[in-house]
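Shown below: protein.tsv, with TSV, C-alpha atoms.
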chain	number	residue	atom	x	y	z
I	7	MET	CA	-3.63	-54.93	21.76
I	8	ASN	CA	-4.92	-53.67	25.09
I	9	LEU	CA	-4.06	-55.17	28.46
I	10	ARG	CA	-7.36	-56.97	28.87
I	11	THR	CA	-6.96	-58.76	25.52
I	12	ALA	CA	-3.36	-59.68	26.32
I	13	VAL	CA	-4.35	-61.14	29.70
I	14	ARG	CA	-7.25	-63.05	28.13
I	15	ARG	CA	-4.96	-64.48	25.42
I	16	ALA	CA	-2.29	-65.47	27.94
I	17	GLY	CA	-4.96	-67.18	30.05
I	18	LYS	CA	-6.30	-69.02	27.02
I	19	ALA	CA	-2.80	-70.14	26.00
I	20	ARG	CA	-2.17	-71.43	29.51
I	21	TYR	CA	-5.50	-73.29	29.46
I	22	VAL	CA	-4.65	-74.88	26.09
I	23	ARG	CA	-1.23	-75.99	27.40
I	24	ARG	CA	-2.86	-77.52	30.49
I	25	GLN	CA	-5.38	-79.33	28.35
I	26	LYS	CA	-2.56	-80.79	26.23
I	27	ASP	CA	-0.88	-82.10	29.37
I	28	ARG	CA	-4.13	-83.57	30.66
I	29	SER	CA	-4.19	-87.12	31.90
I	30	SER	CA	-5.46	-88.80	28.73
I	31	ASN	CA	-2.20	-87.86	26.98
I	32	MET	CA	-0.03	-89.12	29.84
I	33	VAL	CA	0.50	-92.42	31.61
I	34	GLY	CA	3.13	-92.82	34.29
I	35	GLY	CA	5.28	-89.98	33.00
I	36	ALA	CA	5.07	-91.02	29.33
I	37	TYR	CA	3.37	-88.60	26.97
I	38	ALA	CA	1.48	-89.59	23.80
I	39	LEU	CA	1.75	-86.89	21.14
I	40	THR	CA	-0.21	-87.15	17.88
I	41	VAL	CA	0.07	-84.38	15.30
I	42	LEU	CA	-1.81	-84.28	12.01
I	43	THR	CA	-0.79	-81.72	9.41
I	44	ARG	CA	-1.80	-81.18	5.81
I	45	VAL	CA	0.95	-81.58	3.22
I	46	ARG	CA	1.47	-78.57	0.92
I	47	ALA	CA	0.25	-78.99	-2.63
I	48	GLY	CA	3.10	-80.40	-4.70
I	49	ALA	CA	5.34	-81.15	-1.70
I	50	GLU	CA	4.32	-84.83	-1.39
I	51	GLY	CA	7.33	-86.12	-3.37
I	52	MET	CA	9.83	-84.01	-1.46
I	53	LEU	CA	8.33	-85.13	1.82
I	54	ALA	CA	8.60	-88.82	0.86
I	55	GLU	CA	12.26	-88.26	-0.10
I	56	HIS	CA	13.03	-86.59	3.24
I	57	LEU	CA	11.38	-89.45	5.10
I	58	ALA	CA	13.27	-92.07	3.08
I	59	ARG	CA	16.56	-90.51	4.26
I	60	PHE	CA	15.66	-91.32	7.86
I	61	GLU	CA	16.32	-95.00	7.18
I	62	GLY	CA	20.06	-94.49	7.67
I	63	GLN	CA	19.82	-92.44	10.83
I	64	SER	CA	16.70	-91.44	12.65
I	65	PRO	CA	16.48	-87.81	13.82
I	66	PHE	CA	14.93	-89.13	17.03
I	67	GLU	CA	18.33	-90.40	18.13
I	68	LYS	CA	19.02	-86.75	18.92
I	69	LEU	CA	15.99	-86.71	21.20
I	70	PRO	CA	16.95	-89.12	23.99
I	71	ARG	CA	13.62	-88.88	25.79
I	72	THR	CA	11.80	-90.52	22.85
I	73	HIS	CA	10.57	-94.09	23.43
I	74	PHE	CA	8.84	-94.47	20.05
I	75	ALA	CA	8.12	-92.22	17.09
I	76	ARG	CA	6.53	-92.62	13.68
I	77	PHE	CA	5.63	-90.69	10.56
I	78	VAL	CA	2.78	-91.83	8.35
I	79	LEU	CA	1.56	-90.41	5.06
I	80	VAL	CA	-2.21	-90.51	4.94
I	81	PRO	CA	-3.61	-90.11	1.42
I	82	ALA	CA	-7.32	-89.31	1.16
I	83	SER	CA	-8.19	-92.47	-0.75
I	84	VAL	CA	-7.05	-94.81	2.01
I	85	LEU	CA	-9.72	-93.39	4.25
I	86	PRO	CA	-13.13	-94.75	3.30
I	87	GLY	CA	-15.31	-91.82	2.40
I	88	GLY	CA	-12.34	-89.49	1.95
I	89	PRO	CA	-12.45	-87.11	-1.02
I	90	ARG	CA	-10.15	-87.68	-3.98
I	91	GLU	CA	-8.50	-84.28	-3.95
I	92	ARG	CA	-5.65	-84.06	-6.43
I	93	HIS	CA	-2.86	-81.69	-7.34
I	94	ASN	CA	-0.91	-82.31	-10.57
I	95	GLY	CA	-2.25	-85.87	-10.60
I	96	LEU	CA	-1.07	-86.57	-7.06
I	97	GLU	CA	-3.48	-87.12	-4.29
I	98	ARG	CA	-3.32	-84.66	-1.39
I	99	CYS	CA	-1.86	-86.25	1.72
I	100	HIS	CA	-1.84	-85.54	5.41
I	101	LEU	CA	1.18	-86.26	7.56
I	102	LEU	CA	0.63	-88.03	10.84
I	103	PHE	CA	3.40	-87.74	13.41
I	104	SER	CA	3.17	-89.56	16.66
I	105	ALA	CA	5.66	-89.96	19.46
I	106	THR	CA	5.74	-91.48	22.91
I	107	PHE	CA	8.28	-89.75	25.12
I	108	ASP	CA	9.11	-88.85	28.70
I	109	GLY	CA	6.88	-85.84	29.35
I	110	PRO	CA	5.94	-83.09	29.72
I	111	LEU	CA	5.12	-81.91	26.20
I	112	GLU	CA	6.58	-78.43	26.61
I	113	ARG	CA	10.03	-79.78	27.43
I	114	TYR	CA	9.97	-82.21	24.52
I	115	LEU	CA	9.00	-79.45	22.09
I	116	ASP	CA	11.90	-77.38	23.45
I	117	ASP	CA	14.18	-80.38	22.84
I	118	ILE	CA	12.93	-80.71	19.25
I	119	CYS	CA	13.64	-77.04	18.55
I	120	VAL	CA	17.12	-76.94	20.08
I	121	SER	CA	18.41	-80.48	19.45
I	122	GLY	CA	19.57	-79.67	15.95
I	123	ALA	CA	17.05	-82.13	14.51
I	124	THR	CA	16.84	-80.04	11.36
I	125	GLU	CA	15.51	-83.10	9.53
I	126	LEU	CA	12.25	-82.68	11.46
I	127	GLU	CA	12.08	-79.04	10.44
I	128	ALA	CA	12.50	-80.09	6.80
I	129	ILE	CA	9.59	-82.50	7.22
I	130	TRP	CA	7.19	-79.93	8.63
I	131	ARG	CA	8.27	-77.35	6.07
I	132	CYS	CA	6.48	-79.58	3.56
I	133	CYS	CA	3.25	-78.98	5.48
I	134	GLU	CA	0.81	-76.10	5.28
I	135	GLY	CA	1.11	-73.34	7.85
I	136	PHE	CA	4.54	-74.19	9.25
I	137	PRO	CA	6.23	-70.94	10.38
I	138	GLN	CA	8.61	-69.40	7.84
I	139	LYS	CA	11.47	-69.16	10.33
I	140	GLY	CA	11.06	-72.79	11.36
I	141	PHE	CA	12.60	-73.84	14.68
I	142	GLU	CA	14.42	-70.50	14.86
I	143	ASP	CA	11.10	-69.00	15.93
I	144	MET	CA	10.68	-71.50	18.74
I	145	ASN	CA	7.40	-70.18	20.06
I	146	ALA	CA	5.77	-70.17	16.63
I	147	ALA	CA	7.04	-73.70	15.88
I	148	LYS	CA	5.73	-75.00	19.21
I	149	ARG	CA	2.41	-73.25	18.65
I	150	TYR	CA	2.20	-74.94	15.24
I	151	VAL	CA	2.68	-78.42	16.73
I	152	ARG	CA	0.23	-77.79	19.57
I	153	SER	CA	-2.41	-76.37	17.25
I	154	HIS	CA	-2.32	-79.54	15.12
I	155	GLN	CA	-2.24	-81.92	18.07
I	156	LEU	CA	-4.96	-84.54	18.54
I	157	ASN	CA	-5.72	-85.45	22.12
I	158	THR	CA	-5.32	-89.11	22.99
I	159	GLY	CA	-8.48	-90.88	24.07
I	160	LEU	CA	-6.91	-93.91	25.73
I	161	PHE	CA	-3.25	-94.49	26.38
I	162	TYR	CA	-1.67	-97.71	27.62
I	163	SER	CA	1.90	-98.26	28.78
I	164	GLY	CA	3.44	-101.69	29.31
I	165	TYR	CA	5.89	-100.29	31.87
I	166	PRO	CA	4.50	-97.06	33.33
I	167	GLY	CA	6.83	-94.71	35.17
I	168	GLN	CA	10.00	-95.90	33.42
I	169	SER	CA	12.03	-93.35	31.50
I	170	VAL	CA	14.04	-94.12	28.36
I	171	GLU	CA	17.21	-93.37	30.31
I	172	HIS	CA	16.33	-95.85	33.07
I	173	ILE	CA	15.26	-98.56	30.62
I	174	ARG	CA	18.47	-98.24	28.61
I	175	ALA	CA	20.59	-98.22	31.77
I	176	SER	CA	18.79	-101.32	33.11
I	177	LEU	CA	19.23	-103.17	29.81
I	178	ASP	CA	22.91	-102.28	29.81
I	179	ARG	CA	23.34	-103.43	33.40
I	180	ARG	CA	21.59	-106.73	32.66
I	181	LYS	CA	23.99	-107.30	29.76
I	182	ARG	CA	27.00	-106.55	31.99
I	183	LEU	CA	25.70	-108.90	34.69
I	184	LEU	CA	25.28	-111.68	32.10
I	185	THR	CA	28.89	-111.21	30.97
I	186	PHE	CA	30.05	-111.22	34.58
I	187	VAL	CA	28.06	-114.37	35.45
I	188	LEU	CA	29.84	-116.22	32.63
I	189	ARG	CA	33.24	-114.93	33.77
I	190	ALA	CA	32.70	-115.36	37.53
I	191	PRO	CA	33.78	-119.06	37.78
I	192	THR	CA	37.30	-118.00	36.75
I	193	VAL	CA	37.47	-115.19	39.35
I	194	GLU	CA	39.14	-115.86	42.72
I	195	THR	CA	36.66	-115.80	45.63
I	196	GLY	CA	38.60	-113.03	47.39
I	197	ARG	CA	38.41	-110.78	44.31
I	198	LEU	CA	34.80	-111.48	43.31
I	199	LYS	CA	33.30	-108.60	45.31
I	200	ASP	CA	35.68	-105.98	43.91
I	201	GLU	CA	35.28	-107.16	40.34
I	202	PHE	CA	31.51	-107.38	40.67
I	203	LEU	CA	31.31	-103.83	41.99
I	204	ARG	CA	33.64	-102.64	39.23
I	205	ASP	CA	31.87	-104.41	36.34
I	206	VAL	CA	28.21	-104.50	37.33
I	207	ALA	CA	27.42	-101.97	40.04
I	208	LYS	CA	28.15	-98.84	38.04
I	209	ARG	CA	25.25	-97.39	36.10
I	210	ALA	CA	25.82	-96.46	32.48
I	211	THR	CA	25.78	-92.73	31.90
I	212	PRO	CA	23.56	-91.74	28.96
T	6	MET	CA	15.07	-93.31	-3.93
T	7	GLN	CA	11.98	-92.75	-6.01
T	8	ALA	CA	9.29	-90.91	-4.10
T	9	MET	CA	6.22	-92.95	-3.28
T	10	THR	CA	3.01	-91.51	-4.61
T	11	ALA	CA	-0.31	-91.84	-2.87
T	12	ALA	CA	-1.39	-94.36	-5.53
T	13	ASP	CA	1.73	-96.53	-4.91
T	14	LEU	CA	1.04	-96.35	-1.23
T	15	GLU	CA	-2.54	-97.49	-1.65
T	16	THR	CA	-1.51	-100.34	-3.99
T	17	SER	CA	1.12	-101.53	-1.52
T	18	ILE	CA	-1.45	-101.59	1.27
T	19	ARG	CA	-4.11	-103.42	-0.69
T	20	SER	CA	-1.77	-105.98	-2.32
T	21	ASP	CA	-0.48	-106.91	1.11
T	22	ALA	CA	-3.94	-107.61	2.44
T	23	GLN	CA	-3.46	-111.40	2.30
T	24	ALA	CA	-0.19	-111.52	4.25
T	25	TRP	CA	-0.59	-111.78	7.99
T	26	ASP	CA	2.61	-110.14	9.12
T	27	ALA	CA	3.77	-106.61	9.92
T	28	LEU	CA	3.76	-104.31	6.88
T	29	PRO	CA	7.20	-103.55	5.43
T	30	GLY	CA	8.65	-100.53	7.21
T	31	ASN	CA	6.58	-101.11	10.34
T	32	GLU	CA	9.56	-102.68	12.12
T	33	SER	CA	12.50	-101.45	14.15
T	34	GLY	CA	14.60	-104.33	15.45
T	35	LYS	CA	12.24	-106.45	17.54
T	36	ALA	CA	9.59	-103.72	17.77
T	37	ARG	CA	6.60	-103.78	15.43
T	38	ALA	CA	4.23	-100.90	14.74
T	39	LEU	CA	0.55	-101.04	13.97
T	40	LEU	CA	-1.59	-98.10	12.89
T	41	THR	CA	-5.21	-98.43	11.90
T	42	VAL	CA	-7.58	-95.69	10.81
T	43	SER	CA	-11.21	-96.79	11.18
T	44	PRO	CA	-14.19	-94.68	10.09
T	45	ILE	CA	-16.86	-94.67	12.80
T	46	ARG	CA	-20.55	-93.83	12.92
T	47	PRO	CA	-21.40	-90.28	14.13
T	48	SER	CA	-23.31	-91.63	17.15
T	49	TRP	CA	-20.31	-93.79	18.03
T	50	ALA	CA	-18.03	-90.75	17.93
T	51	LEU	CA	-20.27	-89.20	20.60
T	52	TRP	CA	-20.05	-92.35	22.72
T	53	LEU	CA	-16.25	-92.49	22.43
T	54	ARG	CA	-15.91	-88.82	23.35
T	55	PHE	CA	-18.03	-89.52	26.43
T	56	TYR	CA	-16.13	-92.73	27.27
T	57	PHE	CA	-12.70	-91.16	26.80
T	58	GLY	CA	-13.79	-88.10	28.80
T	59	ILE	CA	-15.07	-90.23	31.70
T	60	ARG	CA	-11.83	-92.21	31.63
T	61	ALA	CA	-9.82	-89.00	31.85
T	62	VAL	CA	-11.82	-87.85	34.89
T	63	PHE	CA	-11.89	-91.28	36.58
T	64	PRO	CA	-8.59	-92.99	35.69
T	65	ALA	CA	-9.55	-96.00	37.84
T	66	LEU	CA	-11.94	-96.97	35.05
T	67	GLY	CA	-8.79	-97.64	33.02
T	68	LYS	CA	-8.63	-101.05	34.61
T	69	LEU	CA	-11.54	-102.07	32.43
T	70	LEU	CA	-9.24	-102.09	29.41
T	71	GLY	CA	-5.80	-101.60	30.93
T	72	GLY	CA	-6.18	-104.58	33.30
T	73	PRO	CA	-6.53	-107.19	30.56
T	74	LEU	CA	-3.86	-105.42	28.47
T	75	GLN	CA	-1.39	-105.91	31.34
T	76	ARG	CA	-1.71	-109.63	30.64
T	77	LEU	CA	-0.35	-109.03	27.14
T	78	SER	CA	3.34	-108.97	27.87
T	79	PHE	CA	4.27	-107.95	24.33
T	80	ILE	CA	2.80	-104.42	24.13
T	81	TYR	CA	5.18	-101.53	24.76
T	82	PHE	CA	2.62	-98.76	24.26
T	83	GLY	CA	-0.84	-98.51	22.72
T	84	ARG	CA	-3.31	-95.67	22.19
T	85	TRP	CA	-6.65	-94.75	20.69
T	86	THR	CA	-7.30	-91.26	19.32
T	87	LEU	CA	-10.32	-89.69	17.65
T	88	MET	CA	-9.64	-87.84	14.42
T	89	ALA	CA	-12.26	-85.67	12.75
T	90	ASP	CA	-12.33	-85.72	8.96
T	91	PRO	CA	-9.04	-84.05	7.96
T	92	TRP	CA	-10.52	-83.06	4.61
T	93	ALA	CA	-13.34	-81.10	6.19
T	94	ASP	CA	-12.93	-77.37	6.90
T	95	GLY	CA	-10.74	-76.29	9.79
T	96	ALA	CA	-7.42	-77.44	11.20
T	97	ALA	CA	-6.37	-80.95	10.19
T	98	GLY	CA	-8.06	-83.60	12.26
T	99	ARG	CA	-10.42	-81.17	13.94
T	100	GLY	CA	-12.60	-79.99	11.08
T	101	ARG	CA	-16.33	-79.78	11.46
T	102	GLY	CA	-18.55	-82.02	9.40
T	103	GLY	CA	-17.46	-85.14	7.57
T	104	ARG	CA	-16.59	-88.46	9.10
T	105	THR	CA	-14.82	-89.20	12.33
T	106	TYR	CA	-12.03	-91.75	12.39
T	107	LEU	CA	-10.61	-93.80	15.21
T	108	LEU	CA	-6.83	-94.08	15.16
T	109	PHE	CA	-5.31	-97.07	16.90
T	110	GLU	CA	-1.56	-97.16	17.34
T	111	SER	CA	0.39	-99.95	18.93
T	112	ASN	CA	4.03	-100.86	19.48
T	113	PHE	CA	4.55	-104.55	20.15
T	114	THR	CA	6.90	-107.52	19.75
T	115	GLY	CA	6.25	-110.78	17.95
T	116	ARG	CA	4.26	-111.72	14.89
T	117	TRP	CA	1.45	-109.50	13.64
T	118	ASP	CA	-1.13	-112.29	13.46
T	119	GLN	CA	-0.27	-113.64	16.92
T	120	TYR	CA	-0.60	-110.11	18.28
T	121	ILE	CA	-4.05	-109.65	16.76
T	122	ASP	CA	-5.15	-113.11	17.97
T	123	ALA	CA	-4.00	-112.44	21.53
T	124	PHE	CA	-5.44	-108.94	21.52
T	125	ALA	CA	-8.85	-110.20	20.40
T	126	TYR	CA	-8.77	-113.13	22.83
T	127	VAL	CA	-7.74	-111.14	25.91
T	128	LEU	CA	-9.86	-108.04	25.33
T	129	GLY	CA	-12.76	-110.01	23.88
T	130	SER	CA	-16.08	-108.24	24.19
T	131	ARG	CA	-14.37	-105.16	25.70
T	132	MET	CA	-13.20	-104.34	22.19
T	133	LYS	CA	-16.81	-103.58	21.31
T	134	LEU	CA	-16.62	-100.64	23.73
T	135	ILE	CA	-14.06	-99.13	21.38
T	136	TRP	CA	-14.71	-100.45	17.87
T	137	GLY	CA	-18.37	-101.43	18.23
T	138	GLY	CA	-19.59	-98.50	16.12
T	139	ALA	CA	-16.89	-98.63	13.47
T	140	TYR	CA	-18.12	-99.31	9.94
T	141	ASN	CA	-17.62	-102.97	8.93
T	142	PHE	CA	-16.22	-104.00	12.31
T	143	PRO	CA	-16.80	-107.77	12.38
T	144	GLY	CA	-16.23	-108.29	16.13
T	145	PRO	CA	-13.12	-109.81	17.67
T	146	VAL	CA	-14.10	-113.40	16.88
T	147	PRO	CA	-13.76	-115.33	14.66
T	148	ALA	CA	-10.17	-114.24	14.15
T	149	GLU	CA	-9.88	-114.23	10.35
T	150	PRO	CA	-12.52	-111.56	9.56
T	151	PHE	CA	-11.13	-109.46	12.39
T	152	LYS	CA	-7.58	-109.71	11.00
T	153	ARG	CA	-8.87	-108.76	7.57
T	154	TYR	CA	-10.64	-105.74	9.09
T	155	ILE	CA	-7.45	-104.62	10.84
T	156	ARG	CA	-5.35	-105.16	7.71
T	157	ASP	CA	-7.86	-103.29	5.54
T	158	ASN	CA	-7.67	-100.28	7.86
T	159	GLU	CA	-3.92	-100.44	8.44
T	160	LEU	CA	-1.42	-97.93	7.06
T	161	PRO	CA	2.29	-98.50	6.40
T	162	LEU	CA	4.71	-96.22	8.21
T	163	ALA	CA	7.07	-93.89	6.38
T	164	HIS	CA	9.41	-93.89	9.36
T	165	TYR	CA	9.50	-95.82	12.61
T	166	TYR	CA	11.84	-95.28	15.56
T	167	CYS	CA	12.29	-97.30	18.73
T	168	ALA	CA	14.77	-96.24	21.43
T	169	TYR	CA	15.54	-99.84	22.43
T	170	PRO	CA	14.95	-101.90	19.27
T	171	HIS	CA	16.73	-105.04	20.49
T	172	ALA	CA	14.68	-105.40	23.65
T	173	THR	CA	11.30	-107.09	23.86
T	174	VAL	CA	8.78	-105.95	26.46
T	175	THR	CA	9.63	-109.04	28.53
T	176	THR	CA	13.36	-108.25	28.34
T	177	ILE	CA	12.61	-104.72	29.55
T	178	GLU	CA	10.51	-106.00	32.44
T	179	TYR	CA	13.26	-108.46	33.42
T	180	ALA	CA	15.95	-105.80	33.15
T	181	LEU	CA	13.97	-103.38	35.35
T	182	GLU	CA	13.35	-106.04	38.00
T	183	LEU	CA	16.99	-107.17	37.87
T	184	ASP	CA	18.11	-103.57	38.25
T	185	ARG	CA	16.02	-103.22	41.40
T	186	ARG	CA	17.44	-106.43	42.89
T	187	LEU	CA	20.99	-105.50	41.93
T	188	ASP	CA	20.63	-102.23	43.84
T	189	LEU	CA	19.72	-104.23	46.96
T	190	LEU	CA	22.66	-106.61	46.48
T	191	ILE	CA	25.06	-103.69	46.05
T	192	GLU	CA	23.71	-102.11	49.24
T	193	GLU	CA	24.32	-105.40	51.06
T	194	ALA	CA	27.83	-105.70	49.63
T	195	ALA	CA	29.15	-102.81	51.71
T	196	ALA	CA	28.55	-104.74	54.94
T	197	ARG	CA	29.92	-108.07	53.71
T	198	SER	CA	33.46	-109.46	53.64
T	199	PRO	CA	34.74	-110.68	50.23
T	200	ARG	CA	34.16	-114.32	51.24
T	201	ASP	CA	30.64	-113.57	52.53
T	202	PHE	CA	29.83	-111.62	49.39
T	203	ALA	CA	30.99	-114.45	47.12
T	204	GLU	CA	28.54	-116.78	48.86
T	205	ARG	CA	25.71	-114.21	48.65
T	206	TYR	CA	26.53	-113.58	44.99
T	207	ARG	CA	26.10	-117.28	44.11
T	208	GLN	CA	22.78	-117.34	45.95
T	209	PHE	CA	21.72	-114.16	44.11
T	210	VAL	CA	22.50	-115.64	40.69
T	211	GLY	CA	20.30	-118.61	41.56
T	212	GLU	CA	17.46	-116.28	42.61
T	213	VAL	CA	17.54	-114.13	39.46
T	214	GLN	CA	18.30	-116.89	36.96
T	215	GLN	CA	14.92	-116.52	35.22
T	216	LEU	CA	15.58	-112.78	34.71
T	217	LEU	CA	18.88	-113.31	32.88
Could you write out this file's structure as structure tokens?
Amino acid sequence: MNLRTAVRRAGKARYVRRQKDRSSNMVGGAYALTVLTRVRAGAEGMLAEHLARFEGQSPFEKLPRTHFARFVLVPASVLPGGPRERHNGLERCHLLFSATFDGPLERYLDDICVSGATELEAIWRCCEGFPQKGFEDMNAAKRYVRSHQLNTGLFYSGYPGQSVEHIRASLDRRKRLLTFVLRAPTVETGRLKDEFLRDVAKRATP
Amino acid sequence: MQAMTAADLETSIRSDAQAWDALPGNESGKARALLTVSPIRPSWALWLRFYFGIRAVFPALGKLLGGPLQRLSFIYFGRWTLMADPWADGAAGRGRGGRTYLLFESNFTGRWDQYIDAFAYVLGSRMKLIWGGAYNFPGPVPAEPFKRYIRDNELPLAHYYCAYPHATVTTIEYALELDRRLDLLIEEAAARSPRDFAERYRQFVGEVQQLL
């Protein structure tokens, strides 16, 4: 590969990354990621089993910047007009993954690769084209996700600009204030300030 | 657990068509998930690409839809995405030829049917800007055909995660506002004597009562 080609490719990659971070995918710091991948022939059952295991513990608990995430199996027949492609009697499926998280995308993809969320790797291994080395080859894994990403047309947030960390900390503080309000009538006036600062003022560390 | 085949999946969707509540699996604590996949006319796909593109360039236009949505205090996040026929040639969702689908994803609290009712009522004719060219779209009113349309195009989730499953959108809004006011009270506390603070604290509790 000569220098000119390398520069052109690097420029194109940078342009693609910028496009993925464009405003339609982001609202107030939250990023909407949608990824559609085709399930490998014969891997539908294994994929459903992997997904069923998430009921006990979601792999997204290891990704603390995730607000919401979902996996959906999309068989051809549920889409009107979709072809009835079959393999060993099973219909070919696509896997839809979508997540809303505190952006940017690049950082979240890094988190996915290094968080130890091997369950997610197992899921995408059931899909066509996923890199052989999985998350070990971080760049290839990230390229795979980006190349199957669908850009969001419209994105709405009920509380723009609020991170998962801040929301959780605020909810925790509200709970502590409630407990304190119920206890306050039994606290001596002279000690109320100290106890309030001790019980309510401190922010929870994630 | 026995793996779910595509046929099982389709049966579960269709047999549930009469029930007006969230599909099984589309729940995480108080959060509910909705995902619809609607086939749209080719000309409508062009319109949506134009509309979404304009919205990306001029975000202020977002008020057209986002403004009324702000009045729906039970939506965490919502989004619309265009998906090209994934069974056509090319990368999934971006193949050339074939149909185009409109994905609608929402995270909300409360009952499914109440959500759809409120959504249709608040957005009203604005919904035609989005779904107007979708095959079989009956319009937002009357409510029953619209609910049937949504249910017919809805897919159950294989996995759903919410980072704060026990909080409704209203609880989150209250907690964020309370947090802001608490910061101010704590700032004030430094300059107040214990007796002064106790008085201010009682006043504060009265002021934020509706947020608790």
inquiry  = One number please: atom CA of I:Glu55 to atom CA of I:Leu79, in Å, one decimal.
reply    = 12.1 Å
If you count all atoms listed in the file, which residues fall within 12 Å of T:Glu193, apart from same-chain ones fewer than 4 positions away, as a compact mmCIF listing (two decimals) with C-alpha atoms, in the coordinates of the input?
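Produced file part.txt, reproduced below:
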# COMPACT_ATOMS: atom_id res chain seq x y z
CA LYS I 199 33.30 -108.60 45.31
CA LEU I 203 31.31 -103.83 41.99
CA ALA I 207 27.42 -101.97 40.04
CA ARG T 186 17.44 -106.43 42.89
CA LEU T 187 20.99 -105.50 41.93
CA ASP T 188 20.63 -102.23 43.84
CA LEU T 189 19.72 -104.23 46.96
CA ARG T 197 29.92 -108.07 53.71
CA SER T 198 33.46 -109.46 53.64
CA PRO T 199 34.74 -110.68 50.23
CA ASP T 201 30.64 -113.57 52.53
CA PHE T 202 29.83 -111.62 49.39
CA ALA T 203 30.99 -114.45 47.12
CA ARG T 205 25.71 -114.21 48.65
CA TYR T 206 26.53 -113.58 44.99
CA PHE T 209 21.72 -114.16 44.11
ask   = To one decimal place, how far is atom CA of T:Tyr169 from atom CA of I:Ala105 in Å?
value =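 Going from atom CA of T:Tyr169 over to atom CA of I:Ala105 covers 14.3 Å.
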query = Within 6 Å of T:Ala139, counting only C-alpha atoms, which residues qualify if same-chain residues fewer than 2 places away don't, as a VMD selection string?
reply = chain T and resid 44 to 45 136 to 137 142
Taking only C-alpha atoms into account, report as a tab-separated table (two decimals) with C-alpha atoms, keeping the file's coordinate frame which residues of chain I lie within 7 Å of chain T.
chain	number	residue	atom	x	y	z
I	29	SER	CA	-4.19	-87.12	31.90
I	30	SER	CA	-5.46	-88.80	28.73
I	42	LEU	CA	-1.81	-84.28	12.01
I	43	THR	CA	-0.79	-81.72	9.41
I	44	ARG	CA	-1.80	-81.18	5.81
I	51	GLY	CA	7.33	-86.12	-3.37
I	54	ALA	CA	8.60	-88.82	0.86
I	55	GLU	CA	12.26	-88.26	-0.10
I	57	LEU	CA	11.38	-89.45	5.10
I	60	PHE	CA	15.66	-91.32	7.86
I	64	SER	CA	16.70	-91.44	12.65
I	72	THR	CA	11.80	-90.52	22.85
I	73	HIS	CA	10.57	-94.09	23.43
I	74	PHE	CA	8.84	-94.47	20.05
I	75	ALA	CA	8.12	-92.22	17.09
I	76	ARG	CA	6.53	-92.62	13.68
I	77	PHE	CA	5.63	-90.69	10.56
I	78	VAL	CA	2.78	-91.83	8.35
I	79	LEU	CA	1.56	-90.41	5.06
I	81	PRO	CA	-3.61	-90.11	1.42
I	84	VAL	CA	-7.05	-94.81	2.01
I	86	PRO	CA	-13.13	-94.75	3.30
I	96	LEU	CA	-1.07	-86.57	-7.06
I	97	GLU	CA	-3.48	-87.12	-4.29
I	154	HIS	CA	-2.32	-79.54	15.12
I	157	ASN	CA	-5.72	-85.45	22.12
I	158	THR	CA	-5.32	-89.11	22.99
I	159	GLY	CA	-8.48	-90.88	24.07
I	160	LEU	CA	-6.91	-93.91	25.73
I	161	PHE	CA	-3.25	-94.49	26.38
I	162	TYR	CA	-1.67	-97.71	27.62
I	163	SER	CA	1.90	-98.26	28.78
I	164	GLY	CA	3.44	-101.69	29.31
I	173	ILE	CA	15.26	-98.56	30.62
I	176	SER	CA	18.79	-101.32	33.11
I	177	LEU	CA	19.23	-103.17	29.81
I	180	ARG	CA	21.59	-106.73	32.66
I	184	LEU	CA	25.28	-111.68	32.10
I	195	THR	CA	36.66	-115.80	45.63
I	196	GLY	CA	38.60	-113.03	47.39
I	197	ARG	CA	38.41	-110.78	44.31
I	198	LEU	CA	34.80	-111.48	43.31
I	199	LYS	CA	33.30	-108.60	45.31
I	207	ALA	CA	27.42	-101.97	40.04
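Residues in contact with I:Pro166 at up to 10 Å, not including ones fewer than 5 positions away on its chain and judged by only C-alpha atoms, are I:Met32, I:Val33, I:Gly34, I:Gly35, I:Ala36, T:Tyr81, T:Phe82.
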